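See below for input_38.txt, which holds compact mmCIF, C-alpha atoms and all ligand atoms.
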```txt
# COMPACT_ATOMS: atom_id res chain seq x y z
CA MET A 126 42.80 -1.87 41.32
CA LYS A 127 40.07 -1.07 43.75
CA LEU A 128 36.70 -2.65 43.11
CA LYS A 129 35.16 0.79 42.50
CA TRP A 130 37.62 1.52 39.63
CA LYS A 131 37.16 -1.96 38.18
CA ILE A 132 33.43 -1.31 37.96
CA ILE A 133 33.98 2.11 36.33
CA VAL A 134 36.37 0.66 33.69
CA LEU A 135 34.03 -2.26 32.94
CA PHE A 136 31.08 0.13 32.62
CA ASN A 137 33.04 2.32 30.18
CA ILE A 138 34.04 -0.67 28.05
CA PHE A 139 30.42 -1.78 27.91
CA PHE A 140 29.32 1.76 27.00
CA ILE A 141 31.86 2.03 24.15
CA PHE A 142 30.76 -1.35 22.79
CA PHE A 143 27.12 -0.38 22.98
CA VAL A 144 27.64 2.96 21.19
CA SER A 145 29.82 1.36 18.46
CA PHE A 146 27.21 -1.33 17.90
CA LYS A 147 24.46 1.26 17.49
CA ILE A 148 26.57 3.30 15.05
CA LEU A 149 27.51 0.28 12.94
CA GLN A 150 24.02 -1.27 12.95
CA PRO A 151 22.64 -1.11 9.36
CA GLU A 152 19.83 1.38 8.83
CA ASP A 153 16.50 -0.36 8.19
CA GLU A 154 15.62 2.22 5.56
CA ASP A 155 18.51 1.06 3.33
CA VAL A 156 16.37 -1.79 2.08
CA TRP A 157 14.20 0.78 0.31
CA GLY A 158 16.97 2.59 -1.53
CA ASP A 159 15.96 6.09 -2.59
CA ASN A 160 12.29 5.56 -2.09
CA PRO A 161 11.52 4.76 1.55
CA LEU A 162 8.05 4.00 2.80
CA PRO A 163 6.46 6.75 4.87
CA SER A 164 7.94 6.25 8.34
CA SER A 165 4.61 5.45 10.01
CA ALA A 166 3.99 2.66 7.52
CA SER A 167 7.54 1.55 7.00
CA ARG A 168 7.94 -1.14 9.65
CA GLU A 169 4.54 -2.67 8.98
CA GLY A 170 5.06 -2.32 5.21
CA ARG A 171 8.45 -3.99 5.27
CA LYS A 172 7.04 -6.88 7.22
CA LEU A 173 4.20 -7.25 4.73
CA VAL A 174 6.50 -7.17 1.73
CA LYS A 175 8.63 -9.87 3.33
CA ILE A 176 5.60 -12.04 4.05
CA LEU A 177 4.25 -11.62 0.51
CA GLU A 178 7.63 -12.30 -1.07
CA GLU A 179 7.95 -15.41 1.04
CA LYS A 180 4.52 -16.49 -0.13
CA TYR A 181 4.80 -15.71 -3.84
CA MET A 182 8.44 -15.91 -4.87
CA LEU A 183 9.48 -18.98 -6.81
CA ARG A 184 11.56 -21.21 -4.64
CA SER A 185 13.00 -23.60 -7.17
CA GLU A 186 13.00 -23.44 -10.93
CA TYR A 187 13.58 -27.10 -11.37
CA CYS A 188 11.18 -29.97 -11.67
CA GLN A 189 11.73 -33.19 -9.73
CA ALA A 190 12.35 -36.31 -11.82
CA ASP A 191 8.76 -37.50 -11.44
CA ASP A 192 7.10 -34.09 -11.99
CA ASP A 193 4.90 -33.74 -15.06
CA PRO A 194 4.60 -29.93 -15.31
CA TRP A 195 1.67 -30.01 -17.73
CA LYS A 196 -0.35 -32.37 -15.56
CA ILE A 197 0.49 -30.31 -12.46
CA ALA A 198 -0.76 -27.12 -14.15
CA ALA A 199 -3.86 -28.78 -15.61
CA ASP A 200 -4.79 -30.19 -12.19
CA TRP A 201 -4.49 -26.72 -10.67
CA VAL A 202 -7.34 -25.33 -12.77
CA LYS A 203 -10.60 -25.16 -10.82
CA PRO A 204 -13.86 -23.36 -11.64
CA ARG A 205 -12.69 -20.29 -9.72
CA GLU A 206 -8.90 -20.28 -10.04
CA ILE A 207 -6.16 -21.08 -12.53
CA ILE A 208 -3.52 -21.77 -9.90
CA PRO A 209 -3.88 -22.50 -6.21
CA GLU A 210 -2.91 -19.98 -3.54
CA ASN A 211 -0.03 -22.17 -2.56
CA ALA A 212 1.75 -23.40 -5.70
CA PRO A 213 5.28 -24.56 -4.83
CA LYS A 214 5.62 -26.17 -8.25
CA LEU A 215 5.02 -22.90 -10.13
CA GLY A 216 8.77 -22.55 -10.67
CA CYS A 217 8.84 -25.96 -12.35
CA VAL A 218 5.88 -25.07 -14.60
CA LEU A 219 7.34 -21.67 -15.59
CA HIS A 220 10.74 -23.23 -16.25
CA SER A 221 9.15 -25.85 -18.51
CA LEU A 222 7.28 -23.10 -20.38
CA LYS A 223 10.39 -21.05 -20.98
CA SER A 224 12.76 -23.88 -21.86
CA GLY A 225 10.59 -26.76 -23.14
CA LYS A 226 11.50 -27.99 -26.61
CA ILE A 227 9.16 -26.67 -29.30
CA LEU A 228 7.69 -29.61 -31.25
CA SER A 229 5.49 -27.64 -33.64
CA ALA A 230 4.62 -24.04 -34.44
CA ASP A 231 1.56 -22.68 -36.18
CA VAL A 232 -0.19 -19.36 -36.68
CA GLY A 233 -2.33 -18.01 -33.83
CA TYR A 234 -5.56 -19.82 -33.20
CA LYS A 235 -7.97 -16.98 -32.42
CA GLY A 236 -7.99 -13.21 -31.94
CA THR A 237 -6.93 -10.30 -34.10
CA GLN A 238 -3.26 -9.93 -33.07
CA LEU A 239 -0.17 -11.69 -34.33
CA LYS A 240 0.76 -14.68 -32.20
CA LEU A 241 2.01 -18.22 -32.53
CA THR A 242 0.47 -21.43 -31.30
CA LEU A 243 3.22 -23.77 -30.14
CA GLN A 244 3.26 -27.31 -28.98
CA LEU A 245 5.91 -28.00 -26.35
CA GLU A 246 7.56 -31.29 -25.49
CA GLY A 247 5.06 -33.38 -23.56
CA GLY A 248 2.23 -32.22 -25.81
CA GLN A 249 1.37 -28.91 -24.11
CA ARG A 250 -0.22 -26.19 -26.18
CA VAL A 251 0.90 -22.60 -25.50
CA ILE A 252 0.58 -19.18 -27.11
CA PHE A 253 3.59 -17.05 -27.93
CA LYS A 254 3.03 -13.28 -28.18
CA PRO A 255 6.07 -11.46 -29.58
CA LYS A 256 7.75 -8.29 -28.36
CA TRP A 257 6.86 -5.18 -30.37
CA PHE A 258 7.98 -2.35 -28.12
CA GLU A 259 10.79 -1.37 -25.80
CA ARG A 260 9.85 -1.09 -22.12
CA ASP A 261 9.87 2.72 -22.20
CA PHE A 262 7.77 3.11 -25.35
CA VAL A 263 4.69 5.23 -24.64
CA GLN A 264 1.53 4.42 -26.64
CA GLU A 265 -0.32 7.24 -28.35
CA THR A 266 -3.78 6.42 -26.98
CA ILE A 267 -5.25 4.05 -24.43
CA ILE A 268 -6.38 1.55 -27.04
CA SER A 269 -3.70 1.96 -29.69
CA GLY A 270 -0.67 -0.12 -30.42
CA GLY A 271 0.10 -3.80 -30.67
CA ASP A 272 0.32 -6.14 -27.72
CA ARG A 273 2.80 -5.60 -24.92
CA HIS A 274 4.21 -9.05 -24.20
CA ASN A 275 5.66 -7.85 -20.89
CA GLY A 276 2.17 -6.75 -19.80
CA GLU A 277 1.04 -10.38 -19.90
CA ILE A 278 3.87 -11.41 -17.58
CA ALA A 279 3.28 -8.53 -15.15
CA THR A 280 -0.48 -9.14 -15.06
CA PHE A 281 -0.04 -12.82 -14.28
CA HIS A 282 1.96 -11.96 -11.15
CA LEU A 283 -0.28 -9.01 -10.27
CA GLY A 284 -3.25 -11.40 -10.38
CA ARG A 285 -1.50 -13.62 -7.85
CA LEU A 286 -0.75 -10.68 -5.56
CA LEU A 287 -4.35 -9.52 -5.71
CA GLU A 288 -5.39 -13.07 -4.75
CA LEU A 289 -7.44 -13.38 -7.93
CA ARG A 290 -5.46 -16.09 -9.72
CA ARG A 291 -7.65 -15.72 -12.81
CA THR A 292 -4.84 -14.45 -15.06
CA PRO A 293 -3.25 -17.09 -17.33
CA ILE A 294 0.18 -18.43 -16.45
CA ALA A 295 2.73 -16.39 -18.41
CA VAL A 296 6.52 -16.30 -18.58
CA GLY A 297 9.11 -14.48 -20.67
CA ARG A 298 11.03 -16.44 -23.28
CA LYS A 299 13.56 -15.73 -26.01
CA ILE A 300 13.08 -17.97 -29.01
CA ASN A 301 15.58 -18.66 -31.76
CA LEU A 302 13.41 -18.46 -34.88
CA LYS A 303 15.95 -20.19 -37.11
CA ASN A 304 16.58 -23.18 -34.85
CA GLU A 305 13.38 -23.49 -32.82
CA ILE A 306 10.54 -22.34 -35.10
CA ILE A 307 11.41 -22.65 -38.80
CA PRO A 308 12.27 -26.39 -38.65
CA VAL A 309 8.91 -27.22 -36.98
CA ALA A 310 6.67 -24.53 -38.52
CA SER A 311 3.47 -25.33 -40.38
CA GLU A 312 3.35 -24.55 -44.06
CA ARG A 313 0.99 -21.57 -43.59
CA LEU A 314 3.25 -20.03 -40.95
CA LEU A 315 6.43 -20.68 -42.92
CA LYS A 316 5.01 -18.85 -45.92
CA THR A 317 4.97 -15.63 -43.88
CA PHE A 318 8.67 -15.64 -42.93
CA PHE A 319 10.98 -13.02 -44.45
CA THR A 320 14.19 -11.22 -43.56
CA LYS A 321 14.91 -7.55 -42.97
CA GLY A 322 18.62 -6.88 -43.07
CA ARG A 323 20.10 -9.56 -40.83
CA ASN A 324 16.89 -9.98 -38.84
CA GLN A 325 14.48 -12.88 -39.16
CA CYS A 326 10.83 -11.75 -39.37
CA PHE A 327 7.32 -13.17 -39.95
CA TYR A 328 3.81 -11.78 -40.21
CA GLY A 329 1.70 -14.83 -39.39
CA LYS A 330 -2.03 -15.05 -39.92
CA CYS A 331 -4.64 -12.95 -38.11
CA LEU A 332 -7.00 -10.05 -38.78
CA TYR A 333 -4.18 -7.52 -38.60
CA CYS A 334 -1.61 -9.81 -40.19
CA LYS A 335 -1.44 -8.61 -43.80
CA ASP A 336 2.03 -8.71 -45.26
CA GLU A 337 5.63 -7.82 -44.47
CA SER A 338 4.57 -4.34 -43.35
CA THR A 339 2.66 -5.86 -40.40
CA GLY A 340 5.34 -8.38 -39.48
CA VAL A 341 7.46 -8.63 -36.36
CA CYS A 342 11.24 -8.98 -36.45
CA ALA A 343 13.68 -10.75 -34.19
CA GLU A 344 17.08 -9.32 -33.28
CA GLY A 345 19.05 -11.52 -35.64
CA ASP A 346 17.35 -14.85 -34.97
CA ILE A 347 16.31 -14.18 -31.38
CA LEU A 348 12.75 -13.06 -30.75
CA GLU A 349 11.66 -12.04 -27.26
CA GLY A 350 8.10 -12.69 -26.20
CA VAL A 351 5.77 -14.22 -23.68
CA VAL A 352 4.67 -17.83 -23.48
CA ILE A 353 1.13 -18.26 -22.13
CA LEU A 354 -0.11 -21.62 -20.99
CA TRP A 355 -3.25 -22.81 -22.75
CA LEU A 356 -6.09 -23.71 -20.40
CA PRO A 357 -7.25 -27.34 -20.28
CA ASN A 358 -10.07 -28.18 -22.66
CA ARG A 359 -12.29 -29.70 -19.99
CA TYR A 360 -13.82 -26.29 -19.30
CA PRO A 361 -15.40 -24.66 -22.36
CA LEU A 362 -14.86 -20.90 -22.51
CA LYS A 363 -18.00 -18.81 -22.86
CA VAL A 364 -17.68 -15.36 -24.41
CA TYR A 365 -19.69 -12.33 -23.22
CA ARG A 366 -19.73 -8.83 -24.58
CA SER A 367 -18.78 -6.37 -21.87
CA PRO A 368 -21.64 -4.01 -20.91
CA TRP A 369 -18.93 -1.33 -20.60
CA LEU A 370 -17.65 -1.94 -24.13
CA ARG A 371 -16.07 1.12 -25.78
CA SER A 372 -17.27 2.26 -29.17
CA TYR A 373 -13.80 2.34 -30.82
CA LYS A 374 -15.26 4.78 -33.38
CA PRO A 375 -14.12 8.39 -32.91
CA GLY A 376 -17.00 10.65 -31.88
CA VAL A 377 -19.32 7.77 -31.02
CA THR A 378 -20.05 7.28 -27.32
CA ARG A 379 -21.84 4.45 -25.62
CA ARG A 380 -24.60 4.70 -23.06
CA TRP A 381 -22.44 3.85 -20.06
CA GLU A 382 -20.22 6.84 -20.82
CA SER A 383 -22.97 9.37 -20.14
CA ASP A 384 -25.57 7.55 -18.04
CA LYS A 385 -24.59 7.56 -14.35
CA ASP A 386 -27.33 5.04 -13.59
CA PHE A 387 -26.17 2.60 -16.24
CA CYS A 388 -25.27 -0.07 -13.68
CA LYS A 389 -28.82 -0.10 -12.28
CA ASP A 390 -29.95 -1.59 -15.58
CA VAL A 391 -27.04 -3.99 -15.85
CA ILE A 392 -27.68 -5.59 -12.46
CA MET A 393 -31.33 -6.23 -13.31
CA LYS A 394 -30.46 -8.39 -16.30
CA GLU A 395 -28.96 -11.80 -16.94
CA PRO A 396 -26.23 -12.82 -16.26
CA TYR A 397 -25.52 -10.01 -13.77
CA ASN A 398 -28.66 -10.35 -11.66
CA SER A 399 -27.33 -13.45 -9.88
CA GLY A 400 -24.16 -15.46 -9.46
CA SER A 401 -20.65 -14.11 -9.42
CA MET A 402 -20.39 -12.37 -12.76
CA LEU A 403 -20.89 -8.75 -11.72
CA MET A 404 -18.38 -8.92 -8.90
CA ASP A 405 -15.94 -10.80 -11.12
CA LEU A 406 -16.24 -7.94 -13.59
CA VAL A 407 -15.49 -5.44 -10.82
CA ASP A 408 -12.38 -7.49 -9.95
CA ALA A 409 -11.31 -7.45 -13.61
CA THR A 410 -11.92 -3.70 -13.73
CA ILE A 411 -9.55 -3.18 -10.83
CA VAL A 412 -6.85 -5.20 -12.57
CA ASP A 413 -7.46 -3.31 -15.81
CA TYR A 414 -7.22 0.10 -14.16
CA LEU A 415 -3.96 -0.87 -12.46
CA ILE A 416 -2.39 -2.14 -15.69
CA GLY A 417 -3.98 0.53 -17.90
CA ASN A 418 -5.99 -1.86 -20.10
CA ALA A 419 -8.95 -0.11 -21.72
CA ASP A 420 -9.50 -2.89 -24.23
CA ARG A 421 -11.59 -5.50 -22.38
CA HIS A 422 -14.40 -5.40 -24.91
CA HIS A 423 -15.33 -9.04 -24.37
CA TYR A 424 -14.55 -11.43 -21.60
CA GLU A 425 -14.75 -15.15 -21.14
CA THR A 426 -15.84 -17.39 -18.32
CA LEU A 427 -14.24 -20.75 -17.61
CA GLY A 428 -17.23 -23.01 -17.96
CA THR A 429 -20.86 -22.06 -18.14
CA GLN A 430 -22.07 -22.20 -14.52
CA SER A 431 -23.42 -19.08 -12.85
CA ASP A 432 -20.38 -19.04 -10.57
CA SER A 433 -17.83 -19.85 -13.29
CA MET A 434 -15.02 -17.34 -12.98
CA VAL A 435 -14.54 -14.47 -15.37
CA LEU A 436 -11.08 -15.10 -16.77
CA ILE A 437 -8.69 -12.19 -17.01
CA LEU A 438 -7.36 -13.36 -20.39
CA ASP A 439 -5.57 -11.22 -22.97
CA ASN A 440 -3.68 -8.60 -21.01
CA GLY A 441 -1.46 -7.40 -23.81
CA LYS A 442 -2.99 -3.93 -24.10
CA SER A 443 -1.45 -2.79 -20.85
CA PHE A 444 1.44 -0.75 -19.45
CA GLY A 445 1.34 1.63 -22.39
CA ASN A 446 1.70 4.94 -20.52
CA PRO A 447 2.94 5.28 -16.93
CA ASP A 448 1.93 8.95 -16.67
CA TYR A 449 -1.68 8.61 -17.71
CA ASP A 450 -4.46 6.90 -15.74
CA GLU A 451 -7.65 6.23 -17.69
CA TYR A 452 -10.40 6.90 -15.17
CA THR A 453 -13.21 5.43 -17.28
CA ILE A 454 -11.69 1.95 -17.02
CA LEU A 455 -13.05 2.04 -13.46
CA ALA A 456 -16.65 2.65 -14.59
CA PRO A 457 -18.01 -0.72 -13.39
CA LEU A 458 -16.62 0.08 -9.93
CA TYR A 459 -17.80 3.69 -9.60
CA GLN A 460 -21.11 3.14 -11.35
CA CYS A 461 -22.10 -0.03 -9.49
CA CYS A 462 -20.41 1.06 -6.23
CA LYS A 463 -19.71 -2.50 -5.20
CA ILE A 464 -16.52 -4.32 -4.31
CA ARG A 465 -15.88 -7.70 -2.71
CA GLU A 466 -14.70 -7.43 0.84
CA SER A 467 -11.74 -9.71 0.11
CA MET A 468 -10.61 -7.50 -2.76
CA TRP A 469 -11.02 -4.35 -0.68
CA GLN A 470 -8.96 -5.83 2.16
CA THR A 471 -6.26 -6.95 -0.25
CA LEU A 472 -6.04 -3.50 -1.81
CA LEU A 473 -5.80 -1.90 1.63
CA MET A 474 -3.01 -4.29 2.53
CA LEU A 475 -1.08 -3.41 -0.64
CA ARG A 476 -1.04 0.35 0.03
CA ASN A 477 2.06 2.38 0.87
CA THR A 478 4.17 0.87 -1.92
CA VAL A 479 3.71 -2.71 -0.71
CA LEU A 480 2.17 -3.47 -4.13
CA SER A 481 4.99 -2.03 -6.20
CA LYS A 482 7.80 -3.38 -4.03
CA THR A 483 6.42 -6.90 -3.99
CA LEU A 484 5.53 -6.97 -7.67
CA GLN A 485 8.99 -5.70 -8.55
CA THR A 486 10.56 -8.56 -6.62
CA LEU A 487 8.29 -11.15 -8.24
CA LEU A 488 9.01 -9.79 -11.71
CA SER A 489 12.75 -9.79 -11.07
CA GLN A 490 12.52 -13.58 -11.19
CA ASP A 491 11.51 -13.57 -14.86
CA SER A 492 14.37 -14.02 -17.32
CA LEU A 493 13.22 -10.96 -19.28
CA GLU A 494 13.72 -8.67 -16.29
CA PRO A 495 13.24 -5.78 -16.05
CA VAL A 496 9.73 -6.77 -17.09
CA LEU A 497 8.38 -3.24 -16.53
CA HIS A 498 9.95 0.17 -16.82
CA ASP A 499 10.49 1.66 -13.34
CA LYS A 500 7.91 4.38 -13.90
CA TYR A 501 5.08 1.83 -13.84
CA TYR A 502 5.72 0.98 -10.20
CA ALA A 503 4.82 4.50 -9.09
CA ALA A 504 1.81 4.33 -11.44
CA LEU A 505 0.59 1.12 -9.79
CA ASP A 506 0.74 2.65 -6.30
CA ARG A 507 -0.97 5.83 -7.50
CA ARG A 508 -3.73 3.91 -9.28
CA LEU A 509 -4.27 1.73 -6.20
CA GLU A 510 -4.91 4.88 -4.14
CA ARG A 511 -7.37 6.11 -6.73
CA ILE A 512 -9.33 2.85 -6.58
CA LEU A 513 -9.53 3.10 -2.79
CA LEU A 514 -10.68 6.70 -3.09
CA GLU A 515 -13.52 5.62 -5.37
CA VAL A 516 -14.52 2.92 -2.89
CA ASN A 517 -14.51 5.51 -0.08
CA GLU A 518 -16.69 7.85 -2.08
CA CYS A 519 -19.15 5.03 -2.66
CA ILE A 520 -19.18 4.21 1.06
CA VAL A 521 -19.86 7.84 1.94
CA ALA A 522 -22.68 8.03 -0.60
CA LYS A 523 -24.33 4.64 -0.09
CA GLY A 524 -23.15 3.21 3.19
CA ILE A 525 -20.69 0.41 3.79
CA GLN A 526 -23.35 -2.35 3.73
CA GLN A 527 -24.29 -1.48 0.16
CA VAL A 528 -20.75 -1.21 -1.12
CA ILE A 529 -18.70 -3.94 0.51
CA THR A 530 -20.15 -7.27 -0.54
CA ASP A 531 -19.76 -10.60 1.15
CA THR A 532 -16.97 -12.75 -0.24
CA SER A 533 -18.62 -16.08 0.43
CA THR A 534 -21.52 -15.43 -1.90
CA HIS A 535 -19.29 -14.09 -4.69
CA SER A 536 -21.88 -11.48 -5.50
N1 LIG B 601 -4.45 -19.26 -22.23
C1 LIG B 601 -5.51 -19.54 -22.97
N2 LIG B 601 -6.17 -20.70 -22.85
C2 LIG B 601 -7.26 -20.97 -23.60
N3 LIG B 601 -7.77 -20.14 -24.52
C3 LIG B 601 -7.15 -18.96 -24.68
C4 LIG B 601 -6.01 -18.59 -23.93
N4 LIG B 601 -5.62 -17.36 -24.32
C5 LIG B 601 -6.47 -16.99 -25.27
N5 LIG B 601 -7.40 -17.93 -25.51
C6 LIG B 601 -8.48 -17.86 -26.50
O1 LIG B 601 -7.99 -17.20 -27.65
C7 LIG B 601 -8.69 -15.98 -27.83
C8 LIG B 601 -7.74 -14.94 -28.38
O2 LIG B 601 -6.69 -14.69 -27.49
P1 LIG B 601 -6.27 -13.22 -27.14
O3 LIG B 601 -7.49 -12.52 -26.67
O4 LIG B 601 -5.11 -13.26 -26.23
O5 LIG B 601 -5.83 -12.70 -28.57
P2 LIG B 601 -6.00 -11.29 -29.25
O6 LIG B 601 -5.49 -11.45 -30.62
O7 LIG B 601 -5.38 -10.26 -28.40
O8 LIG B 601 -7.57 -11.13 -29.26
P3 LIG B 601 -8.43 -9.78 -29.46
O9 LIG B 601 -8.22 -9.38 -30.85
O10 LIG B 601 -9.83 -10.23 -29.18
O11 LIG B 601 -7.92 -8.77 -28.49
C9 LIG B 601 -9.29 -15.64 -26.48
O12 LIG B 601 -10.41 -14.84 -26.59
C10 LIG B 601 -9.60 -17.02 -25.93
O13 LIG B 601 -10.81 -17.53 -26.45
MN MN B 602 -6.00 -8.52 -27.53
```
Please render this file's structure as structure tokens.
Amino acid sequence: MKLKWKIIVLFNIFFIFFVSFKILQPEDEDVWGDNPLPSSASREGRKLVKILEEKYMLRSEYCQADDDPWKIAADWVKPREIIPENAPKLGCVLHSLKSGKILSADVGYKGTQLKLTLQLEGGQRVIFKPKWFERDFVQETIISGGDRHNGEIATFHLGRLLELRRTPIAVGRKINLKNEIIPVASERLLKTFFTKGRNQCFYGKCLYCKDESTGVCAEGDILEGVVILWLPNRYPLKVYRSPWLRSYKPGVTRRWESDKDFCKDVIMKEPYNSGSMLMDLVDATIVDYLIGNADRHHYETLGTQSDSMVLILDNGKSFGNPDYDEYTILAPLYQCCKIRESMWQTLLMLRNTVLSKTLQTLLSQDSLEPVLHDKYYAALDRRLERILLEVNECIVAKGIQQVITDTSTHS
């Protein structure tokens, strides 16, 4: 064959290989299934999701022989965070929470809702909030209904993604009431056990725990719920009434609901006139709007310093309706028109479904997956946009200097 023909044949072979490779190459968009990111954001978004998954997914569930999970978790707690940004042992702690032997079980310690206080092997105290609803159950109103155990799990991981890390460590667990609770239950808890058909039930002791009609039932002996790690006692919790408290009485409204200048008064007074409290409340508001929690009537700080963090404790009244967004939850944000720069940047980063995609991956690691009904992922992305819209409106009205506050000062 002449050289010229050899070159033509070789060129054709190369061309065929090149075209076949391009045809067989997997489409990037496949990763997103039916719901691709907008094309302009897709490449950047995919990269971000990958980075965040890399950062936040649990690598190993298992503890090393010399790991003490309870000491690890207690050492994590600092005045402004419950877990560190980088927590490679989180898998070990969550695994211990969901599988640790239950040494004793008692009625809930505080609060109005049914819960258990458990002591796990190694002496760790935890709370167990039981499952009441299926994932697709829609609550009648924003403040009605019992706790959603899955909301506690989702909010813990959402708190990590938002770089707040002020939500208590929570993990799904199925407990066998007959084998794991009844043999170690306190007398006062045991007294509240009863059966309904073949299901084991109990009604515990709390404000709303009355009798069998207010009890919760397992499926057979197995009760699904969330285990929440108790915070170490070295920091006393201090309770504050939220300035944006709802009235809870039909027909009665509170001042913040009608007074657009309400925040002006709040920021003049203790404890909001200095320290980190006001901006911590704005952070909590953002979490609450995303999860649909209109029930943060009180909040607690970890410790009593002016920069002690506002804990985002008790997230059970969440994820009750994926199709309804309660605007007034955002009142501290749109009335005060202030947001920390770090929070703003994080929210901007999580746009274009990065939030929902990443959270979905993180939640898929919980043994109770799916933790949330699919509809809530669209709700999270929609609510995130709404928050950013409010921030923009504030910037237009007041100027960026007034609205975006410096992270380093917390306030
Ligand atoms: N992880 C925790 N570590 C330490 N203390 C906690 C923890 N979780 C809850 N508590 C304490 O127990 C109280 C009641 O817990 P929680 O708010 O979850 O219960 P609740 O029954 O839903 O309360 P409420 O009726 O006020 O809504 C909290 O206000 C807090 O003081
Ligand atoms: Mn509650």
Q: Rank A:Asp346, A:Glu518, A:Asp439, A:Asp191 by their smallest atom-to-atom distance to ligand LIG 601 (chain B), using all atoms listed in the file, and report the top residue only.
A: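 Looking only at the distances to ligand LIG 601 (chain B), the closest residue turns out to be A:Asp439.
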**Q.** Computed interatomic separation between atom CA of A:Ser467 and atom CA of A:Ile411 (Å)
**A.**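 Atom-to-atom, atom CA of A:Ser467 and atom CA of A:Ile411 are spaced 12.9 Å apart.
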(Q) Within 10 Å of (-0.7, -15.5, -36.7) in the file's own coordinates, which protein, DNA or RNA residues have an atom, counting only C-alpha atoms? List them as a list in words. (A) Asp231, Val232, Gly233, Tyr234, Lys235, Gly236, Thr237, Gln238, Leu239, Lys240, Leu241, Thr242, Phe253, Lys254, Arg313, Leu314, Thr317, Phe327, Tyr328, Gly329, Lys330, Cys331, Leu332, Tyr333, Cys334, Lys335 and Gly340 of chain A
**Q.** Spatial neighbours of stretch 228-230 of chain A, max dist 8 Å, all atoms listed in the file, sep filter under 6 positions, as an NGL selection string
**A.** :A and (241-246 or 306 or 309-311 or 314)
Atoms kept (C-alpha atoms) for selection, written as an mmCIF file, keeping the file's coordinate frame:
```
data_model
loop_
_atom_site.group_PDB
_atom_site.id
_atom_site.type_symbol
_atom_site.label_atom_id
_atom_site.label_comp_id
_atom_site.auth_asym_id
_atom_site.auth_seq_id
_atom_site.Cartn_x
_atom_site.Cartn_y
_atom_site.Cartn_z
ATOM 1 C CA LEU A 241 2.010 -18.220 -32.530
ATOM 2 C CA THR A 242 0.470 -21.430 -31.300
ATOM 3 C CA LEU A 243 3.220 -23.770 -30.140
ATOM 4 C CA GLN A 244 3.260 -27.310 -28.980
ATOM 5 C CA LEU A 245 5.910 -28.000 -26.350
ATOM 6 C CA GLU A 246 7.560 -31.290 -25.490
ATOM 7 C CA ILE A 306 10.540 -22.340 -35.100
ATOM 8 C CA VAL A 309 8.910 -27.220 -36.980
ATOM 9 C CA ALA A 310 6.670 -24.530 -38.520
ATOM 10 C CA SER A 311 3.470 -25.330 -40.380
ATOM 11 C CA LEU A 314 3.250 -20.030 -40.950
#
```
Q. Do you have the atom CA of A:Phe281-atom CA of A:Ile300 distance handy?
A. 20.4 Å
**Q.** Point-to-point distance in Å for atom CA of A:Val352 and atom CA of A:Ser481
**A.**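 Computing it gives 23.4 Å between the two atoms.
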Q. Near A:Leu514, counting all atoms listed in the file, which residues have an atom at most 12 Å away, once you skip same-chain residues fewer than 5 positions from it, shown as a list in words?
A.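 The filter keeps Leu455, Leu458, Tyr459, Cys462, Trp469, Leu472, Leu473, Arg476, Arg507, Arg508, Leu509, Cys519, Ile520 and Val521 of chain A.
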Padded axis-aligned box of ligand LIG 601 (chain B) (3 Å per side), centre and edge lengths, Å, one decimal, as JSON:
```
{"center_x": -7.6, "center_y": -14.9, "center_z": -26.5, "size_x": 12.4, "size_y": 18.2, "size_z": 14.6}
```
Q: Check the smallest atom-to-atom distance from each of A:Val479, A:Leu505, A:Ala419, A:Ile525 to ligand MN 602 (chain B) using only C-alpha atoms and all ligand atoms, then report the winner.
A: A:Ala419
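Across A:Ile437, A:Leu215, A:Ala503, A:Cys188, the tightest approach to ligand MN 602 (chain B) is made by A:Ile437 when counting all atoms listed in the file.
Between A:Tyr373 and the residues A:Ser443, A:Ala504, A:Thr266, A:Asp272, the shortest atom-to-atom distance, using only C-alpha atoms, involves A:Thr266.
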Q: Would you mind telling me which residue in A:Lys196, A:His274, A:Arg323, A:His282 lies nearest to ligand LIG 601 (chain B) when using all atoms listed in the file?
A: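 Smallest separation from ligand LIG 601 (chain B) among the options: A:His274.
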Q | Among listed residues A:Ser383, A:Asn517, A:Thr339, A:Ser431, nearest A:Thr453 (using all atoms listed in the file) | A |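 Smallest distance to A:Thr453 is found for A:Ser383.
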